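Worksheet: the structure to be examined is printed underneath.
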Amino acid sequence: METAAAPVAESIIFGRLSLESLPLHEPIVVATFAGVALGGVGVLAVLTYFRVWGYLWREWLTSIDHKRIGVMYVILGLIMLLRGFSDALLMRSQQAIAFSGSAGYLPPHHYDQIFTAHGVIMIFFVAMPLVTGLMNFVVPLQIGARDVAFPFLNNFSFWMTVGGSLLVMLSLFVGEFAATGWLAYPPLSNLAYSPGVGVDYYIWSLQIAGVGTLLSGVNLIATIVKMRAPGMTMMRMPIFTWTALCTNVLIVAAFPILTAVLALLSLDRYVGTNFFSNDFGGSAMMYVNLIWIWGHPEVYILILPAFGVFSEVVAVFCGKRLFGYASMVYATVVITILSYLVWLHHFFTMGSGASVNSFFGITTMIISIPTGAKIFNWLFTMYRGRIRFELPMMWTVSFMITFVIGGMTGVLLAVPPADFVLHNSLFLIAHFHNVIIGGVVFGMFAGITYWFPKAFGYRLDPFWGKISFWCWTVGFYVAFMPLYILGLMGVTRRLSRFEDPSLQIWFVIAALGAALIACGIGAFLVQLYVSFRKREELRDVTGDPWGGRTLEWSTSSPPPAYNFAFTPVVHDLDAWHDMKRRGYVRPTSGFIPIHMPKSTAAGITLAGISVALGFAMIWHIWWLAGASFVLLLAAAIIHTFNYARDFHIPAAEVTATEAKRTQLLAFGA
Amino acid sequence: MTTAAHAQAAATDAALEQPDHGTDFYLREEYHPENGTLLGFWLYLMSDCLIFASLFAIY
């Protein structure tokens with residue numbers, strides 16, 4: 001381990017920020033900065049040239065419309081995917097070449113930051129925003145509501161997530177990031193062994209993003225519990241809404257623990273307390289326990305919405321009601337509860353003893369049972385269905401195969417004696433990538449492909465979508481199956497170089513797999529571009545391109561700001577399918593003014609000040625920290641005096657919008 | 001669901017016996033969903049309690 005560096009001298013104005021903080025001696029970072037700066041300037045220039053700043057500010061950045069916020073979350077997730085995946089490519093290429101004395105091209109301290117950033121970005125700033133974005137966009141539409149329960153809070157939550165990701169991105173160019181792994185275990189993350197700004201960037205970016213996520217959780221629970229359309233009892237809710245509800249319950253119950261743990265870690269670093277040190281009464285194991293009490297529910301926060309997506313997709317693309325709706329609901333609720341009883345399986349090797357390990361090993365195996373029930377229900381839904389292998393269904397089938405393999409390796413790891421051999425090996429890496437890529441990533445692609453027509457009014461191009469799908473699926477197996485083999489051969493995770501040349505072939509194969517996945521991501525970006533260019537050809541005028549079963553498909557594509565001119569009344573599960581079956585008639589007259597919330601700049605302002613506060617705390621710029629804190633309080637209080645929070649959409653405007661839709665439907669018929 | 005919403009759903013279910021397709025599936029008057037402020041407040045407060053409970057427990 002590197003010895004702790006001498007403390008950096010601090011100035012009153014700049015804290016510990018100085019010219020040495022810029023990594024000018026690292027050519028990879030300098031080149032990256034040049035690329036990002038050029039790209040950023042290009043984007044700003046294009047936006048200015050087309051004079052869209054006003055439109056962007058009014059219609060998107062200050063919007064409290066759940067649909068717009070959902071789209072922005074997904075855009076954030078996809079942008080951060082590019083950064084997180086670049087880290088993956090760097091690691092794969094380093095590991096493929098660093099053998100038999102060759103040190104590769106990444107020094108160890110840089111490599112450590114890369115795997116830390118990769119984990120933090122992928123979990124917090126790719127998977128979470130994608131999941132939250134889909135839930136934000138879809139849930140109010142599925143329950144027949146006009147928006148979420150607290151629209152301003154939704155906007156604020158989004159910008160806090162952006163703030164957290166900004167700090168992570170900034171760490172690449174100003175200072176450094178944590179080199180501790182994505183969970184920053186002490187004592188490595190304590191001041192003695194991480195005296196630089198890296199862990200502070202980690203703490204503040206997660207705290208800021210964590211506030212956003214927590215408030216989003218409160219928002220969506222209140223939305224689902226209180227704002228369902230009349231007739232929509234809990235057991236008539238779409239299954240995606242059920243998984244969203246359970247996910248947000250997990251968020252509200254788990255994220256406070258992350259907040260508390262990071263607060264105490266920051267007290268250890270800033271004030272010199274000893275919560276997580278190995279002396280003066282501290283306990284590093286306390287940190288490990290608490291971070292995983294958050295961490296395990298976190299992975300279920302990521303996977304449950306994906307399960308919800310698959311449930312929706314399977315029912316629609318098999319032309320059948322989802323098999324065993326009630327058991328799917330019970331399975332989701334059981335998973336939600338059991339996810340709090342398994343956390344220790346992440347550190348079986350850390351001295352808890354056989355009895356404790358046995359308890360958590362058994363609960364871990366038990367939690368796989370409701371997941372297995374879900375798999376069977378999806379399969380039984382497919383049985384004797386009229387299956388259409390559109391892209392969302394392709395992603396779903398690939399998920400079923402891939403996730404089951406990953407799940408089985410998880411049950412293998414749940415056996416404590418087996419885990420003693422495999423803990424922190426590449427087998428573990430392969431397992432969690434298997435379930436996260438196979439489950440969460442494929443779920444997000446299925447969801448994006450499925451709901452894209454609803455959001456933008458045209459389908460995604462199927463040709464490039466299929467290329468992306470096959471590159472991802474084949475690429476995943478080529479990239480991660482070798483890691484199972486390497487793990488079983490005893491290779492440890494987080495190593496940047498190796499001595500045994502017989503291992504190299506597996507790393508080279510894994511690197512080729514990563515390159516294939518890169519092609520998949522490239523194909524997805526091409527798909528977005530090509531779809532936009534061919535949007536008239538791919539246009540959906542009906543609002544229901546897939547033959548959907550739930551209420552979001554009863555609106556136009558994209559839906560109007562108010563979602564539903566008249567609130568739907570629900571009589572059965574799969575409300576839209578029920579309406580179609582019973583010969584509903586769409587109202588074309590008698591519209592009334594609709595009460596809607598107003599856009600506000602308070603969310604982006606508060607989040608911006610929070611980022612300034614975080615930056616100031618990281619760099620010990622105490623005057624800026626104090627000023628930002630005061631400004632934050634002032635901005636929040638000023639916002640409470642803003643009474644102009646809502647407006648009415650006039651009946652004439654609603655009538656005109658609905659008349660346009662009537663025309664489109666007649667055109668498409 | 002509130003009693004009022006239950007009654008409304010039951011009324012519309014009964015109305016299916018004599019279907020009037022225009023009103024079966026849509027509410028013609030403005031719909032006021034239940035106010036989520038109180039629930040949101042308690043959810044937030046519970047999460048705050050969790051934060052402080054874990055802080056005290058660790059201490």
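Each chain in the structure tokens gets a letter, A, B and so on, in the order shown; residues start at 1 in every chain, and ligands are counted from 1 in the order they appear.
Neighbours of Ile362 (chain A) closer than or equal to 10 Å, with only C-alpha atoms counted and sequence neighbours fewer than 2 positions away skipped, come out as Leu341, Val342, His345, Asn357, Ser358, Phe359, Phe360, Thr364, Met365, Ile366, Ile367, Val411, Ala414, Val415 and Pro416 of chain A.
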Would you mind exporting C-alpha atoms of the selected residues as a compact mmCIF listing (two decimals), in the first residue's frame?
# COMPACT_ATOMS: atom_id res chain seq x y z
CA LEU A 341 -32.02 -10.22 5.88
CA VAL A 342 -29.14 -11.19 3.62
CA HIS A 345 -23.34 -12.66 2.45
CA ASN A 357 -22.68 -17.18 8.27
CA SER A 358 -25.12 -20.10 8.20
CA PHE A 359 -28.08 -17.84 8.97
CA PHE A 360 -27.24 -15.42 6.19
CA THR A 364 -29.69 -15.77 0.77
CA MET A 365 -30.80 -19.06 -0.67
CA ILE A 366 -34.39 -18.41 0.44
CA ILE A 367 -34.45 -15.06 -1.38
CA VAL A 411 -26.73 -19.26 -4.93
CA ALA A 414 -24.38 -18.12 -0.87
CA VAL A 415 -22.75 -21.27 0.48
CA PRO A 416 -20.25 -19.85 3.02
With a distance cut-off of 12 Å and only C-alpha atoms, select the neighbouring residues of region 434-436 of chain A, excluding the residue or stretch itself and same-chain residues fewer than 6 positions from it, and output the selection as a CSV table (one decimal) with N, CA and C atoms, in the first residue's frame.
chain,number,residue,atom,x,y,z
A,119,GLY,N,-17.4,1.4,-10.7
A,119,GLY,CA,-18.4,0.9,-9.8
A,119,GLY,C,-19.4,2.0,-9.4
A,122,MET,N,-21.4,3.3,-12.4
A,122,MET,CA,-22.4,2.4,-13.0
A,122,MET,C,-23.6,2.2,-12.1
A,123,ILE,N,-23.3,2.1,-10.7
A,123,ILE,CA,-24.4,1.9,-9.8
A,123,ILE,C,-25.2,3.1,-9.6
A,126,VAL,N,-25.6,5.5,-13.5
A,126,VAL,CA,-26.2,4.9,-14.7
A,126,VAL,C,-27.4,4.1,-14.3
A,127,ALA,N,-27.3,3.1,-13.5
A,127,ALA,CA,-28.4,2.2,-13.2
A,127,ALA,C,-29.5,2.9,-12.4
A,128,MET,N,-29.1,3.7,-11.4
A,128,MET,CA,-30.2,4.4,-10.6
A,128,MET,C,-30.9,5.4,-11.5
A,298,GLU,N,-30.0,-2.0,-2.1
A,298,GLU,CA,-29.7,-1.2,-3.3
A,298,GLU,C,-29.7,-2.1,-4.6
A,299,VAL,N,-29.2,-3.3,-4.5
A,299,VAL,CA,-29.2,-4.1,-5.7
A,299,VAL,C,-30.6,-4.5,-6.1
A,300,TYR,N,-31.4,-4.7,-5.1
A,300,TYR,CA,-32.8,-5.0,-5.3
A,300,TYR,C,-33.6,-3.8,-5.8
A,301,ILE,N,-33.2,-2.6,-5.4
A,301,ILE,CA,-33.7,-1.3,-6.0
A,301,ILE,C,-33.5,-1.3,-7.5
A,302,LEU,N,-32.3,-1.8,-7.9
A,302,LEU,CA,-32.0,-1.8,-9.3
A,302,LEU,C,-32.7,-2.9,-10.1
A,303,ILE,N,-32.9,-4.1,-9.5
A,303,ILE,CA,-33.4,-5.2,-10.3
A,303,ILE,C,-35.0,-5.2,-10.3
A,304,LEU,N,-35.6,-4.8,-9.2
A,304,LEU,CA,-37.1,-4.9,-9.2
A,304,LEU,C,-37.8,-4.1,-10.3
A,306,ALA,N,-36.6,-3.6,-13.2
A,306,ALA,CA,-36.3,-4.4,-14.4
A,306,ALA,C,-37.3,-5.6,-14.5
A,307,PHE,N,-37.5,-6.2,-13.3
A,307,PHE,CA,-38.5,-7.3,-13.3
A,307,PHE,C,-39.9,-6.8,-13.7
A,398,SER,N,-33.3,-12.9,-23.6
A,398,SER,CA,-31.9,-12.9,-23.2
A,398,SER,C,-31.7,-12.7,-21.7
A,399,PHE,N,-32.5,-11.8,-21.1
A,399,PHE,CA,-32.5,-11.6,-19.7
A,399,PHE,C,-32.8,-12.9,-19.0
A,400,MET,N,-33.8,-13.7,-19.4
A,400,MET,CA,-34.2,-14.9,-18.7
A,400,MET,C,-33.0,-15.9,-18.7
A,401,ILE,N,-32.3,-16.0,-19.8
A,401,ILE,CA,-31.2,-17.0,-19.8
A,401,ILE,C,-30.1,-16.5,-19.0
A,402,THR,N,-29.7,-15.2,-19.3
A,402,THR,CA,-28.5,-14.6,-18.6
A,402,THR,C,-28.7,-14.5,-17.1
A,403,PHE,N,-29.8,-13.9,-16.7
A,403,PHE,CA,-30.0,-13.7,-15.3
A,403,PHE,C,-30.1,-15.0,-14.5
A,404,VAL,N,-30.7,-16.0,-15.1
A,404,VAL,CA,-30.8,-17.3,-14.4
A,404,VAL,C,-29.4,-17.9,-14.1
A,405,ILE,N,-28.5,-17.8,-15.1
A,405,ILE,CA,-27.1,-18.2,-14.9
A,405,ILE,C,-26.5,-17.4,-13.8
A,406,GLY,N,-26.6,-16.1,-13.9
A,406,GLY,CA,-26.0,-15.3,-12.8
A,406,GLY,C,-26.6,-15.6,-11.5
A,407,GLY,N,-27.9,-15.8,-11.4
A,407,GLY,CA,-28.6,-16.1,-10.2
A,407,GLY,C,-28.1,-17.4,-9.6
A,408,MET,N,-27.8,-18.4,-10.4
A,408,MET,CA,-27.4,-19.7,-9.9
A,408,MET,C,-25.9,-19.5,-9.4
A,409,THR,N,-25.1,-18.7,-10.0
A,409,THR,CA,-23.8,-18.5,-9.4
A,409,THR,C,-23.9,-17.8,-8.1
A,410,GLY,N,-24.9,-17.0,-8.0
A,410,GLY,CA,-25.2,-16.3,-6.7
A,410,GLY,C,-25.5,-17.3,-5.6
A,411,VAL,N,-26.4,-18.2,-5.9
A,411,VAL,CA,-26.7,-19.3,-4.9
A,411,VAL,C,-25.5,-20.1,-4.6
A,426,LEU,N,-12.4,-13.2,-9.2
A,426,LEU,CA,-13.1,-12.7,-10.5
A,426,LEU,C,-14.4,-13.5,-10.7
A,427,PHE,N,-14.6,-14.6,-9.9
A,427,PHE,CA,-15.9,-15.3,-10.0
A,427,PHE,C,-17.0,-14.4,-9.5
A,428,LEU,N,-16.7,-13.7,-8.4
A,428,LEU,CA,-17.7,-12.7,-7.8
A,428,LEU,C,-18.0,-11.6,-8.8
A,442,PHE,N,-30.2,-5.2,-19.4
A,442,PHE,CA,-31.1,-5.7,-20.4
A,442,PHE,C,-32.5,-5.2,-20.1
A,443,GLY,N,-32.9,-5.1,-18.9
A,443,GLY,CA,-34.2,-4.6,-18.5
A,443,GLY,C,-34.3,-3.1,-18.9
A,444,MET,N,-33.3,-2.3,-18.7
A,444,MET,CA,-33.4,-0.9,-19.1
A,444,MET,C,-33.5,-0.8,-20.6
A,473,THR,N,-25.4,-9.1,-26.1
A,473,THR,CA,-25.6,-10.5,-25.6
A,473,THR,C,-24.4,-11.3,-25.8
A,475,GLY,N,-21.4,-10.3,-26.6
A,475,GLY,CA,-20.3,-9.6,-25.9
A,475,GLY,C,-20.3,-9.8,-24.4
A,476,PHE,N,-21.4,-9.9,-23.8
A,476,PHE,CA,-21.5,-10.1,-22.4
A,476,PHE,C,-20.9,-11.5,-22.1
A,477,TYR,N,-21.3,-12.5,-22.8
A,477,TYR,CA,-20.8,-13.9,-22.5
A,477,TYR,C,-19.3,-14.0,-22.8
A,478,VAL,N,-18.9,-13.4,-23.9
A,478,VAL,CA,-17.4,-13.4,-24.2
A,478,VAL,C,-16.6,-12.7,-23.2
A,479,ALA,N,-17.2,-11.6,-22.6
A,479,ALA,CA,-16.4,-10.8,-21.6
A,479,ALA,C,-16.4,-11.4,-20.3
A,480,PHE,N,-17.5,-12.1,-19.9
A,480,PHE,CA,-17.6,-12.5,-18.5
A,480,PHE,C,-17.5,-14.0,-18.2
A,481,MET,N,-17.7,-14.8,-19.2
A,481,MET,CA,-17.5,-16.3,-18.9
A,481,MET,C,-16.1,-16.6,-18.6
A,483,LEU,N,-14.2,-14.8,-16.9
A,483,LEU,CA,-13.9,-14.3,-15.6
A,483,LEU,C,-14.4,-15.4,-14.6
A,484,TYR,N,-15.4,-16.1,-14.9
A,484,TYR,CA,-15.8,-17.3,-14.0
A,484,TYR,C,-14.6,-18.3,-13.9
Taking only C-alpha atoms into account and nothing else, which residues of chain A lie no more than 9 Å away from chain B? Please answer as a PyMOL selection string.
chain A and resi 145+149-150+214-215+218-219+221-223+225-234+252-261+263-264+275+286+290+566-571+579+582-587+590-595
Output for the residues just chosen: C-alpha atoms as a short mmCIF file (atom, residue, chain, number, x, y, z; two decimals), in the first residue's frame:
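result_37.cif, freshly written:
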data_model
loop_
_atom_site.label_atom_id
_atom_site.label_comp_id
_atom_site.auth_asym_id
_atom_site.auth_seq_id
_atom_site.Cartn_x
_atom_site.Cartn_y
_atom_site.Cartn_z
CA ALA A 145 -52.57 10.34 -12.81
CA ALA A 149 -47.55 13.68 -5.92
CA PHE A 150 -44.81 16.33 -5.53
CA LEU A 214 -34.45 9.51 -1.15
CA LEU A 215 -36.86 12.33 -1.99
CA VAL A 218 -40.95 9.51 -0.94
CA ASN A 219 -42.49 11.08 -4.03
CA ILE A 221 -44.67 6.06 -2.83
CA ALA A 222 -47.06 8.95 -2.20
CA THR A 223 -47.95 8.99 -5.91
CA VAL A 225 -50.62 5.16 -2.78
CA LYS A 226 -52.67 8.34 -3.22
CA MET A 227 -53.05 9.19 -6.88
CA ARG A 228 -54.39 6.10 -8.58
CA ALA A 229 -57.37 6.50 -10.89
CA PRO A 230 -60.79 5.58 -9.49
CA GLY A 231 -61.37 1.84 -9.63
CA MET A 232 -57.66 1.02 -9.56
CA THR A 233 -57.35 -1.00 -6.39
CA MET A 234 -53.91 -2.20 -5.33
CA VAL A 252 -36.89 5.11 1.66
CA ALA A 253 -35.79 2.40 4.08
CA ALA A 254 -32.22 1.92 2.83
CA PHE A 255 -30.86 5.30 1.69
CA PRO A 256 -31.01 6.92 5.13
CA ILE A 257 -28.49 4.33 6.28
CA LEU A 258 -26.13 5.28 3.46
CA THR A 259 -26.56 8.93 4.40
CA ALA A 260 -25.73 8.20 8.04
CA VAL A 261 -22.70 6.03 7.24
CA ALA A 263 -21.87 11.34 7.33
CA LEU A 264 -19.92 9.45 9.96
CA PHE A 275 -16.17 5.74 14.25
CA MET A 286 -19.34 -1.37 11.71
CA LEU A 290 -23.92 -0.72 7.60
CA PHE A 566 -60.50 12.93 -18.48
CA THR A 567 -59.26 10.69 -15.68
CA PRO A 568 -59.84 7.06 -16.64
CA VAL A 569 -62.04 4.80 -14.54
CA VAL A 570 -60.60 1.33 -14.01
CA HIS A 571 -62.70 -1.83 -13.91
CA MET A 579 -61.24 -0.87 -22.20
CA ARG A 582 -65.36 -3.69 -23.89
CA GLY A 583 -65.50 -1.26 -26.78
CA TYR A 584 -64.63 1.97 -25.02
CA VAL A 585 -65.42 5.22 -26.78
CA ARG A 586 -62.85 8.00 -26.54
CA PRO A 587 -64.47 11.28 -25.44
CA GLY A 590 -67.03 18.39 -23.09
CA PHE A 591 -63.45 19.05 -21.98
CA ILE A 592 -62.85 21.12 -18.88
CA PRO A 593 -59.88 23.26 -17.76
CA ILE A 594 -57.13 21.15 -16.23
CA HIS A 595 -55.22 22.15 -13.11
#
Could you tell me how far CA of Thr180 (chain A) lies from CA of Ser194 (chain A), in Å and to one decimal?
8.4 Å
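Atom pair CA of Cys519 (chain A) / CA of Trp472 (chain A) has a distance of 7.9 Å (rounded to one decimal).
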Contacts of Tyr111 (chain A) at 12 Å or less, counting only C-alpha atoms, minus same-chain residues fewer than 5 places along, as a PyMOL selection string?
chain A and resi 28+87-95+98+103-106+116-118+176-181+494-497
Write out as a PyMOL selection string which residues come within 7 Å of Glu499 (chain A) when counting only C-alpha atoms, dropping same-chain ones fewer than 3 positions away.
chain A and resi 99-101
Resulting file, chosen residues, N, CA and C atoms, as a JSON list (two decimals), in the first residue's frame:
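The result, written out as result_4.json:
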[["chain", "number", "residue", "atom", "x", "y", "z"],
["A", 99, "PHE", "N", 1.19, -8.56, -18.24],
["A", 99, "PHE", "CA", 1.65, -9.88, -17.82],
["A", 99, "PHE", "C", 3.16, -9.97, -17.89],
["A", 100, "SER", "N", 3.70, -10.90, -17.09],
["A", 100, "SER", "CA", 5.12, -11.28, -17.14],
["A", 100, "SER", "C", 6.05, -10.08, -17.14],
["A", 101, "GLY", "N", 5.90, -9.26, -16.14],
["A", 101, "GLY", "CA", 6.81, -8.13, -16.01],
["A", 101, "GLY", "C", 6.32, -6.86, -16.64]]
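We find CA of Lys598 (chain A) and CA of Lys660 (chain A) to be spaced 24.0 Å apart.
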